[in-house]
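Trainee: run-v9.pdb is the file, holding PDB, C-alpha atoms:
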```pdb
ATOM      1  CA  MET A  25      78.387  82.705 113.697
ATOM      2  CA  THR A  26      75.903  85.313 114.875
ATOM      3  CA  LYS A  27      73.114  87.259 113.226
ATOM      4  CA  HIS A  28      75.223  90.378 113.714
ATOM      5  CA  ASP A  29      78.040  88.772 111.673
ATOM      6  CA  ALA A  30      75.618  88.013 108.841
ATOM      7  CA  THR A  31      74.303  91.574 108.833
ATOM      8  CA  ASP A  32      77.851  92.933 108.895
ATOM      9  CA  LEU A  33      78.893  90.788 105.921
ATOM     10  CA  GLN A  34      75.821  91.794 103.921
ATOM     11  CA  ALA A  35      76.551  95.475 104.557
ATOM     12  CA  LEU A  36      80.201  95.057 103.557
ATOM     13  CA  ILE A  37      79.326  93.324 100.271
ATOM     14  CA  ARG A  38      76.866  96.091  99.425
ATOM     15  CA  LYS A  39      79.431  98.816 100.131
ATOM     16  CA  ILE A  40      82.038  97.070  97.977
ATOM     17  CA  GLN A  41      79.588  96.719  95.088
ATOM     18  CA  GLU A  42      78.721 100.419  95.384
ATOM     19  CA  HIS A  43      82.418 101.386  95.529
ATOM     20  CA  THR A  44      81.920 103.081  98.905
ATOM     21  CA  ALA A  45      83.875 100.665 101.126
ATOM     22  CA  THR A  46      86.827 102.066 103.025
ATOM     23  CA  ALA A  47      90.202 100.324 103.214
ATOM     24  CA  GLU A  48      89.428  99.218 106.774
ATOM     25  CA  GLU A  49      86.094  97.724 105.651
ATOM     26  CA  LEU A  50      87.863  95.827 102.856
ATOM     27  CA  ARG A  51      90.363  94.441 105.359
ATOM     28  CA  ARG A  52      87.499  93.261 107.547
ATOM     29  CA  PHE A  53      85.705  91.678 104.580
ATOM     30  CA  LEU A  54      88.788  89.748 103.479
ATOM     31  CA  HIS A  55      89.411  88.642 107.063
ATOM     32  CA  MET A  56      85.852  87.298 107.287
ATOM     33  CA  THR A  57      86.261  85.287 104.058
ATOM     34  CA  GLU A  58      89.178  83.430 105.653
ATOM     35  CA  GLN A  59      87.179  82.310 108.677
ATOM     36  CA  PRO A  60      85.877  78.725 108.931
ATOM     37  CA  ALA A  61      82.164  78.058 108.522
ATOM     38  CA  MET A  62      81.673  81.103 106.318
ATOM     39  CA  ASP A  63      78.575  79.491 104.809
ATOM     40  CA  GLU A  64      76.798  80.128 108.099
ATOM     41  CA  LEU A  65      77.089  83.848 107.387
ATOM     42  CA  LEU A  66      75.169  83.560 104.133
ATOM     43  CA  PRO A  67      71.449  82.989 104.749
ATOM     44  CA  TYR A  68      70.578  83.702 101.127
ATOM     45  CA  GLY A  69      69.717  80.480  99.294
ATOM     46  CA  GLU A  70      69.555  82.182  95.936
ATOM     47  CA  TRP A  71      73.301  82.803  96.146
ATOM     48  CA  GLN A  72      73.979  79.067  96.012
ATOM     49  CA  GLN A  73      73.324  78.742  92.298
ATOM     50  CA  THR A  74      76.641  78.823  90.437
ATOM     51  CA  ASP A  75      78.876  76.503  92.403
ATOM     52  CA  GLY A  76      82.205  76.030  90.693
ATOM     53  CA  GLU A  77      81.616  78.384  87.765
ATOM     54  CA  ALA A  78      84.974  79.782  86.690
ATOM     55  CA  LEU A  79      85.813  83.454  86.550
ATOM     56  CA  PRO A  80      87.278  84.943  83.327
ATOM     57  CA  PRO A  81      91.057  84.320  83.255
ATOM     58  CA  GLY A  82      91.805  87.948  82.364
ATOM     59  CA  LEU A  83      89.811  89.283  85.272
ATOM     60  CA  LYS A  84      91.280  86.668  87.568
ATOM     61  CA  GLU A  85      94.823  87.769  86.706
ATOM     62  CA  LYS A  86      94.052  91.462  87.256
ATOM     63  CA  VAL A  87      92.591  90.814  90.676
ATOM     64  CA  ILE A  88      95.428  88.537  91.728
ATOM     65  CA  GLN A  89      97.881  91.320  90.876
ATOM     66  CA  ALA A  90      96.000  93.691  93.169
ATOM     67  CA  ALA A  91      96.298  91.644  96.371
ATOM     68  CA  PRO A  92      98.431  88.972  98.107
ATOM     69  CA  GLN A  93      98.105  85.723  96.178
ATOM     70  CA  ARG A  94      97.186  83.463  99.100
ATOM     71  CA  ARG A  95      94.357  85.717 100.270
ATOM     72  CA  MET A  96      92.962  86.187  96.763
ATOM     73  CA  ARG A  97      92.893  82.416  96.145
ATOM     74  CA  LEU A  98      90.698  82.005  99.190
ATOM     75  CA  LEU A  99      88.525  84.931  98.201
ATOM     76  CA  LYS A 100      88.070  83.710  94.616
ATOM     77  CA  SER A 101      87.028  80.271  95.858
ATOM     78  CA  TYR A 102      84.590  81.799  98.322
ATOM     79  CA  LEU A 103      83.012  84.044  95.696
ATOM     80  CA  ARG A 104      82.507  81.157  93.262
ATOM     81  CA  LYS A 105      80.615  79.224  95.917
ATOM     82  CA  THR A 106      78.496  81.987  97.366
ATOM     83  CA  LEU A 107      77.656  84.658  94.785
ATOM     84  CA  PRO A 108      75.890  84.564  91.441
ATOM     85  CA  TYR A 109      78.363  84.922  88.591
ATOM     86  CA  ALA A 110      77.373  88.512  87.699
ATOM     87  CA  ALA A 111      77.569  89.648  91.311
ATOM     88  CA  ALA A 112      80.968  88.004  91.705
ATOM     89  CA  VAL A 113      82.290  89.882  88.683
ATOM     90  CA  MET A 114      80.972  93.200  90.070
ATOM     91  CA  LEU A 115      82.518  92.516  93.439
ATOM     92  CA  LEU A 116      85.890  91.543  92.039
ATOM     93  CA  LEU A 117      85.975  94.574  89.764
ATOM     94  CA  ALA A 118      85.295  96.803  92.762
ATOM     95  CA  LEU A 119      87.982  95.029  94.768
ATOM     96  CA  HIS A 120      90.451  95.453  91.913
ATOM     97  CA  GLN A 121      89.923  99.216  92.078
ATOM     98  CA  LEU A 122      90.095  99.475  95.857
ATOM     99  CA  LEU A 123      92.458  96.753  97.043
ATOM    100  CA  PRO A 124      95.686  98.596  96.183
ATOM    101  CA  ARG A 125      94.884 100.795  99.175
ATOM    102  CA  ILE A 126      95.001  97.787 101.503
ATOM    103  CA  GLY A 127      98.341  97.576 103.243
ATOM    104  CA  GLN A 128      98.941 101.291 102.949
ATOM    105  CA  ARG A 129      99.154 103.190 106.182
ATOM    106  CA  THR A 130      95.839 104.807 107.076
ATOM    107  CA  PRO A 131      96.406 108.578 107.095
ATOM    108  CA  ALA A 132      95.941 110.426 110.360
ATOM    109  CA  LEU A 133      92.751 112.436 110.489
ATOM    110  CA  LEU A 134      92.610 116.080 111.465
ATOM    111  CA  THR A 135      89.720 117.065 113.740
ATOM    112  CA  VAL A 136      87.968 120.432 113.908
ATOM    113  CA  THR A 137      85.261 121.070 116.508
ATOM    114  CA  SER A 138      82.963 124.041 117.032
ATOM    115  CA  LYS A 139      81.764 124.964 120.500
ATOM    116  CA  ASP A 140      78.258 125.957 121.571
ATOM    117  CA  GLY A 141      77.258 129.179 119.817
ATOM    118  CA  GLU A 142      80.256 129.028 117.479
ATOM    119  CA  ILE A 143      80.388 128.860 113.671
ATOM    120  CA  LYS A 144      83.666 127.813 112.059
ATOM    121  CA  ARG A 145      84.773 128.119 108.446
ATOM    122  CA  ILE A 146      87.290 125.536 107.197
ATOM    123  CA  THR A 147      89.083 125.090 103.888
ATOM    124  CA  LEU A 148      89.960 121.432 103.266
ATOM    125  CA  PRO A 149      93.188 120.366 101.503
ATOM    126  CA  ASP A 150      91.275 119.974  98.197
ATOM    127  CA  SER A 151      89.963 123.583  98.488
ATOM    128  CA  THR A 152      86.460 122.474  99.491
ATOM    129  CA  THR A 153      84.859 124.973 101.897
ATOM    130  CA  VAL A 154      83.082 123.723 105.017
ATOM    131  CA  ILE A 155      81.109 125.862 107.461
ATOM    132  CA  LEU A 156      80.513 124.108 110.797
ATOM    133  CA  ASN A 157      77.450 124.907 112.870
ATOM    134  CA  ALA A 158      77.536 125.024 116.676
ATOM    135  CA  ARG A 159      78.517 121.859 118.602
ATOM    136  CA  SER A 160      79.751 120.041 115.494
ATOM    137  CA  THR A 161      82.847 118.017 114.605
ATOM    138  CA  ILE A 162      84.461 117.161 111.272
ATOM    139  CA  ARG A 163      87.384 114.799 110.662
ATOM    140  CA  TYR A 164      89.384 114.674 107.435
ATOM    141  CA  ALA A 165      92.749 113.574 106.054
ATOM    142  CA  ALA A 166      95.500 116.180 105.761
ATOM    143  CA  THR A 167      96.116 114.984 102.194
ATOM    144  CA  PRO A 168      93.126 113.916 100.047
ATOM    145  CA  ASP A 169      93.375 110.337  98.755
ATOM    146  CA  THR A 170      91.695 108.844  95.681
ATOM    147  CA  LEU A 171      88.461 109.201  97.604
ATOM    148  CA  ARG A 172      88.030 112.538  99.344
ATOM    149  CA  GLU A 173      86.291 111.515 102.558
ATOM    150  CA  VAL A 174      85.185 113.423 105.660
ATOM    151  CA  PHE A 175      83.332 112.364 108.807
ATOM    152  CA  LEU A 176      80.706 114.702 110.257
ATOM    153  CA  GLU A 177      78.888 114.791 113.571
ATOM    154  CA  GLY A 178      76.570 117.767 113.847
ATOM    155  CA  GLU A 179      75.735 120.188 111.043
ATOM    156  CA  ALA A 180      77.786 121.636 108.200
ATOM    157  CA  TYR A 181      77.421 123.400 104.882
ATOM    158  CA  PHE A 182      79.681 122.096 102.107
ATOM    159  CA  ASP A 183      80.809 123.908  98.970
ATOM    160  CA  VAL A 184      82.690 121.076  97.277
ATOM    161  CA  ARG A 185      85.540 121.725  94.845
ATOM    162  CA  ALA A 186      84.666 119.836  91.647
ATOM    163  CA  ASN A 187      86.977 116.956  90.687
ATOM    164  CA  GLU A 188      85.424 114.214  88.549
ATOM    165  CA  HIS A 189      88.372 111.903  89.215
ATOM    166  CA  LYS A 190      88.095 112.155  93.003
ATOM    167  CA  PRO A 191      84.546 111.923  94.374
ATOM    168  CA  PHE A 192      83.845 113.657  97.683
ATOM    169  CA  VAL A 193      82.121 111.594 100.384
ATOM    170  CA  VAL A 194      80.544 112.798 103.628
ATOM    171  CA  ARG A 195      79.919 110.125 106.248
ATOM    172  CA  SER A 196      77.370 111.295 108.796
ATOM    173  CA  GLY A 197      75.972 108.759 111.216
ATOM    174  CA  ALA A 198      74.643 105.854 109.152
ATOM    175  CA  LEU A 199      74.507 107.793 105.884
ATOM    176  CA  SER A 200      77.046 108.204 103.107
ATOM    177  CA  THR A 201      76.728 111.232 100.788
ATOM    178  CA  ARG A 202      78.676 111.134  97.511
ATOM    179  CA  VAL A 203      79.277 114.178  95.288
ATOM    180  CA  LEU A 204      81.607 115.474  92.580
ATOM    181  CA  GLY A 205      81.110 119.216  92.928
ATOM    182  CA  THR A 206      78.150 120.920  94.555
ATOM    183  CA  SER A 207      76.942 122.854  97.603
ATOM    184  CA  PHE A 208      74.700 121.245 100.193
ATOM    185  CA  ASN A 209      73.824 121.163 103.885
ATOM    186  CA  VAL A 210      73.963 118.125 106.196
ATOM    187  CA  ARG A 211      72.403 118.070 109.658
ATOM    188  CA  ALA A 212      73.412 114.957 111.601
ATOM    189  CA  TYR A 213      73.357 115.568 115.319
ATOM    190  CA  PRO A 214      73.382 112.407 117.488
ATOM    191  CA  GLY A 215      69.901 111.283 118.447
ATOM    192  CA  GLU A 216      68.168 113.565 115.906
ATOM    193  CA  THR A 217      66.657 112.941 112.464
ATOM    194  CA  GLN A 218      69.227 113.533 109.742
ATOM    195  CA  GLN A 219      68.399 116.153 107.121
ATOM    196  CA  LEU A 220      70.092 116.982 103.806
ATOM    197  CA  GLY A 221      69.407 119.786 101.342
ATOM    198  CA  VAL A 222      71.038 120.593  97.985
ATOM    199  CA  VAL A 223      71.662 124.223  97.038
ATOM    200  CA  SER A 224      73.438 123.452  93.740
ATOM    201  CA  GLY A 225      74.569 120.380  91.827
ATOM    202  CA  LYS A 226      73.647 116.800  92.758
ATOM    203  CA  ILE A 227      74.381 114.375  95.558
ATOM    204  CA  GLN A 228      73.732 110.671  96.090
ATOM    205  CA  VAL A 229      72.822 109.579  99.608
ATOM    206  CA  SER A 230      73.064 105.912 100.651
ATOM    207  CA  SER A 231      71.914 104.162 103.820
ATOM    208  CA  PRO A 232      73.161 100.922 105.437
ATOM    209  CA  GLU A 233      69.897  99.243 104.416
ATOM    210  CA  GLY A 234      70.839  99.589 100.744
ATOM    211  CA  LYS A 235      68.489 102.485 100.060
ATOM    212  CA  SER A 236      69.785 105.291  97.884
ATOM    213  CA  VAL A 237      68.370 108.633  96.724
ATOM    214  CA  LEU A 238      69.652 111.096  94.137
ATOM    215  CA  LEU A 239      69.070 114.738  95.093
ATOM    216  CA  GLY A 240      69.358 117.728  92.772
ATOM    217  CA  LYS A 241      69.186 121.475  93.281
ATOM    218  CA  GLY A 242      66.280 122.393  95.542
ATOM    219  CA  ASP A 243      65.751 118.858  96.878
ATOM    220  CA  GLN A 244      65.678 118.185 100.588
ATOM    221  CA  VAL A 245      65.138 114.930 102.533
ATOM    222  CA  THR A 246      65.168 113.561 106.050
ATOM    223  CA  TYR A 247      66.370 110.133 107.168
ATOM    224  CA  ASP A 248      64.554 108.915 110.263
ATOM    225  CA  ALA A 249      64.762 106.174 112.866
ATOM    226  CA  ALA A 250      62.629 103.945 110.626
ATOM    227  CA  ALA A 251      65.508 103.978 108.089
ATOM    228  CA  SER A 252      63.492 105.743 105.393
ATOM    229  CA  PHE A 253      64.032 108.858 103.292
ATOM    230  CA  VAL A 254      61.266 111.476 103.269
ATOM    231  CA  SER A 255      61.206 114.437 100.871
ATOM    232  CA  ILE A 256      60.621 117.948 102.247
ATOM    233  CA  ALA A 257      58.938 120.569 100.079
ATOM    234  CA  THR A 258      60.902 123.606 101.284
ATOM    235  CA  ASP A 259      63.770 125.698 100.017
ATOM    236  CA  PRO A 260      67.030 124.021 101.149
ATOM    237  CA  GLN A 261      68.645 127.456 101.197
ATOM    238  CA  GLN A 262      66.641 128.066 104.376
ATOM    239  CA  MET A 263      68.266 125.014 105.915
ATOM    240  CA  SER A 264      71.548 126.908 106.085
ATOM    241  CA  ASN A 265      70.104 130.128 107.527
ATOM    242  CA  TRP A 266      72.146 129.367 110.632
ATOM    243  CA  GLN A 267      75.218 130.695 108.782
ATOM    244  CA  ASN A 268      73.666 134.159 109.074
ATOM    245  CA  GLY A 269      72.749 133.804 112.745
ATOM    246  CA  ILE A 270      69.112 132.904 112.082
ATOM    247  CA  ILE A 271      67.115 130.115 113.710
ATOM    248  CA  ASP A 272      64.739 128.680 111.121
ATOM    249  CA  MET A 273      61.819 127.214 113.095
ATOM    250  CA  ASN A 274      59.575 126.396 110.138
ATOM    251  CA  ASN A 275      57.917 122.992 110.639
ATOM    252  CA  LEU A 276      60.131 122.215 113.624
ATOM    253  CA  THR A 277      58.711 120.964 116.902
ATOM    254  CA  LEU A 278      59.424 122.707 120.196
ATOM    255  CA  GLN A 279      61.567 119.690 121.108
ATOM    256  CA  GLN A 280      63.712 120.232 117.997
ATOM    257  CA  VAL A 281      63.990 123.974 118.581
ATOM    258  CA  ALA A 282      64.959 123.325 122.206
ATOM    259  CA  ALA A 283      67.908 121.233 120.966
ATOM    260  CA  ILE A 284      68.988 124.135 118.716
ATOM    261  CA  LEU A 285      68.810 126.583 121.620
ATOM    262  CA  GLU A 286      70.919 124.264 123.765
ATOM    263  CA  ARG A 287      73.664 124.228 121.136
ATOM    264  CA  TRP A 288      73.560 127.938 120.499
ATOM    265  CA  TYR A 289      73.367 129.241 124.049
ATOM    266  CA  SER A 290      75.033 126.378 125.964
ATOM    267  CA  VAL A 291      71.953 125.823 128.109
ATOM    268  CA  LYS A 292      69.779 122.881 129.122
ATOM    269  CA  VAL A 293      66.101 123.197 128.136
ATOM    270  CA  ILE A 294      63.598 121.102 130.113
ATOM    271  CA  LEU A 295      60.019 120.779 128.846
ATOM    272  CA  LEU A 296      57.945 120.143 131.955
ATOM    273  CA  SER A 297      54.370 119.895 130.637
ATOM    274  CA  PRO A 298      53.442 116.696 128.765
ATOM    275  CA  GLY A 299      52.987 117.087 125.021
ATOM    276  CA  ILE A 300      54.359 120.600 124.596
ATOM    277  CA  GLY A 301      57.472 119.244 122.884
ATOM    278  CA  GLN A 302      55.282 118.318 119.889
ATOM    279  CA  HIS A 303      54.041 121.866 119.258
ATOM    280  CA  VAL A 304      55.012 122.744 115.659
ATOM    281  CA  LEU A 305      56.580 126.175 115.203
ATOM    282  CA  SER A 306      56.991 128.469 112.213
ATOM    283  CA  GLY A 307      58.945 131.554 111.221
ATOM    284  CA  THR A 308      62.528 132.565 111.878
ATOM    285  CA  GLN A 309      64.288 134.166 114.802
ATOM    286  CA  THR A 310      67.609 135.987 114.976
ATOM    287  CA  ASN A 311      69.583 134.105 117.601
ATOM    288  CA  SER A 312      71.179 137.191 119.107
ATOM    289  CA  SER A 313      68.883 137.018 122.140
ATOM    290  CA  LEU A 314      67.861 133.868 123.999
ATOM    291  CA  THR A 315      65.282 135.829 125.999
ATOM    292  CA  ALA A 316      63.593 137.196 122.863
ATOM    293  CA  THR A 317      63.440 133.720 121.324
ATOM    294  CA  LEU A 318      61.929 132.138 124.440
ATOM    295  CA  GLU A 319      59.363 134.908 124.844
ATOM    296  CA  SER A 320      58.318 134.581 121.211
ATOM    297  CA  ILE A 321      57.836 130.820 121.495
ATOM    298  CA  CYS A 322      55.947 131.052 124.782
ATOM    299  CA  PHE A 323      53.628 133.767 123.460
ATOM    300  CA  VAL A 324      52.487 131.637 120.513
ATOM    301  CA  TYR A 325      51.562 128.589 122.613
ATOM    302  CA  ASN A 326      50.600 130.256 125.909
ATOM    303  CA  LEU A 327      53.629 128.851 127.721
ATOM    304  CA  GLN A 328      55.914 130.244 130.373
ATOM    305  CA  TYR A 329      59.571 129.733 131.155
ATOM    306  CA  GLU A 330      61.952 130.268 134.021
ATOM    307  CA  GLN A 331      65.728 130.382 133.891
ATOM    308  CA  ASP A 332      68.087 129.382 136.672
ATOM    309  CA  GLY A 333      71.646 129.842 135.432
ATOM    310  CA  GLN A 334      72.043 127.556 132.434
ATOM    311  CA  ILE A 335      68.842 125.631 133.135
ATOM    312  CA  ILE A 336      65.627 126.698 131.370
ATOM    313  CA  LYS A 337      62.280 125.170 132.265
ATOM    314  CA  ILE A 338      59.246 125.592 129.997
ATOM    315  CA  ARG A 339      55.711 124.681 131.035
ATOM    316  CA  GLU A 340      52.095 125.508 130.279
ATOM    317  CA  LYS A 341      50.633 128.548 132.029
TER     318      LYS A 341
END
```
Just give me the structure as structure tokens.
Mentor:
Amino acid sequence: MTKHDATDLQALIRKIQEHTATAEELRRFLHMTEQPAMDELLPYGEWQQTDGEALPPGLKEKVIQAAPQRRMRLLKSYLRKTLPYAAAVMLLLALHQLLPRIGQRTPALLTVTSKDGEIKRITLPDSTTVILNARSTIRYAATPDTLREVFLEGEAYFDVRANEHKPFVVRSGALSTRVLGTSFNVRAYPGETQQLGVVSGKIQVSSPEGKSVLLGKGDQVTYDAAASFVSIATDPQQMSNWQNGIIDMNNLTLQQVAAILERWYSVKVILLSPGIGQHVLSGTQTNSSLTATLESICFVYNLQYEQDGQIIKIREK
């Protein structure tokens, strides 16, 4: 067994305990428990402390009813040998709630994509409103299940229809955002720092490392390559200025703004002079004119640019 297998198993157990595991992740977890030499996947000595301790008969019967008997016998035996009693009970309770979905056909996902410079407004089957920023993609089921779940790549503003019996989950890159009813913005472009801001209500954001933060109205955080959450002391309403055709450059580097310009104007921005990508900008700019935006940026930092078709090169004067 590999280190990757151990990390995968640890992540699966955490998701199941937090009630965020998908049906496919539960299938993979149960498949792993049936493999030989499972003990090699568990490098946590403190787990080996309740060998043979029986589970409550009532709980045992409920869980057995929720899954095929043969598989649950193996799983119950594995849990007794590898998890502390309390953790085993938590895990089995979570499985009891989620396992009925196993075996059901995974619903086909609908995909909506916005092109460069395009903003799209979508109404999901549960009446939640989503506004997609440029060069973004969202995938969702045509019919909402017990867990309303969407997958986002790029940036979107969500106005979630409240339903306390069906939580709404946004999966963006490595993060999982769970809400009941609220409005918030998620920026999750590949290769860029993720950023989340809450306009109303509350959201809970979880990372694969087991970190979790609860955000309320006015809160805003980033999630960086170091797998840590960092609070931002700005108005999250500004984070969604893009809906009104405004580029918010406050506290963004030239490198970050260049990525925004590429998405909005379908161009490639090349920063030729070393270090200029780290210049920190401020203010806002209406994105109706690429030329006006470039001239404004270059004026502030004594830069110059040249454009050849869809290629823009920026350098020091």
Trainee: Can you turn the PyMOL selection byres ((chain A and resi 238-244) around 6) into a concrete residue list for this file, as a PyMOL selection string?
Mentor: chain A and resi 220-228+237+245+255-256+260
Trainee: One decimal, in Å: what's the spacing between atom CA of A:Arg195 and atom CA of A:Asn209?
Mentor: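 Pair atom CA of A:Arg195 / atom CA of A:Asn209 returns 12.8 Å.
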Trainee: I'd like to know which of A:Val324, A:Ile162, A:Val154, A:Ala250 is closest to A:Val136, using all atoms listed in the file.
Mentor: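 When distances to A:Val136 are compared using all atoms listed in the file, the smallest one comes from A:Ile162.
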Trainee: Just want the 9 Å neighbourhood of stretch 147-151 of chain A, counted on all atoms listed in the file, with same-chain residues fewer than 2 positions away dropped. Output as a ChimeraX atom specification.
Mentor: /A:145,153-155,164-168,172,184-185
Trainee: Rounded to one decimal, what separation in Å do you get between atom CA of A:Glu340 and atom CA of A:Leu295?
Mentor: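 Separation between atom CA of A:Glu340 and atom CA of A:Leu295: 9.3 Å.
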Trainee: Grab the atom CA of A:Ala251 to atom CA of A:Pro232 distance for me, in Å with one decimal place.
Mentor: 8.7 Å
Trainee: Hey, what comes out of the PyMOL selection byres ((chain A and resi 219) around 7) on this file? Could you write it as a PDB file with C-alpha atoms, keeping the file's coordinate frame?
Mentor:
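Wrote part.pdb, looks like this:
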```
ATOM      1  CA  VAL A 210      73.963 118.125 106.196  1.00  0.00           C
ATOM      2  CA  ARG A 211      72.403 118.070 109.658  1.00  0.00           C
ATOM      3  CA  ALA A 212      73.412 114.957 111.601  1.00  0.00           C
ATOM      4  CA  THR A 217      66.657 112.941 112.464  1.00  0.00           C
ATOM      5  CA  GLN A 218      69.227 113.533 109.742  1.00  0.00           C
ATOM      6  CA  LEU A 220      70.092 116.982 103.806  1.00  0.00           C
ATOM      7  CA  GLY A 221      69.407 119.786 101.342  1.00  0.00           C
ATOM      8  CA  VAL A 245      65.138 114.930 102.533  1.00  0.00           C
ATOM      9  CA  THR A 246      65.168 113.561 106.050  1.00  0.00           C
ATOM     10  CA  TYR A 247      66.370 110.133 107.168  1.00  0.00           C
TER      11      TYR A 247
END
```
Trainee: Calculate, to one decimal in Å, the centre and edge lengths of the box along x, y and z of the file that holds all listed atoms of stretch 214-217 of chain A with 5 Å of margin on each side, and present them as JSON.
Mentor:
```
{"center_x": 70.0, "center_y": 112.4, "center_z": 115.5, "size_x": 16.7, "size_y": 12.3, "size_z": 16.0}
```
Trainee: Residues picked by the PyMOL selection byres ((chain A and resi 265) around 12) here, as a count of residues only?
Mentor: 26
Trainee: Let me make sure I understand: among A:Thr206, A:Thr137, A:Asn326, A:Gln331, which one has the smallest atom-to-atom distance to A:Phe192 if we use only C-alpha atoms?
Mentor: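 Selected residue with least distance to A:Phe192: A:Thr206.
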Trainee: Compare A:Leu176, A:Leu276, A:Leu318, A:Leu305 by their minimum atom-to-atom distance to A:Arg163, counting all atoms listed in the file, and give me the closest one.
Mentor: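 Between A:Leu176, A:Leu276, A:Leu318, A:Leu305, the residue approaching A:Arg163 most closely is A:Leu176.
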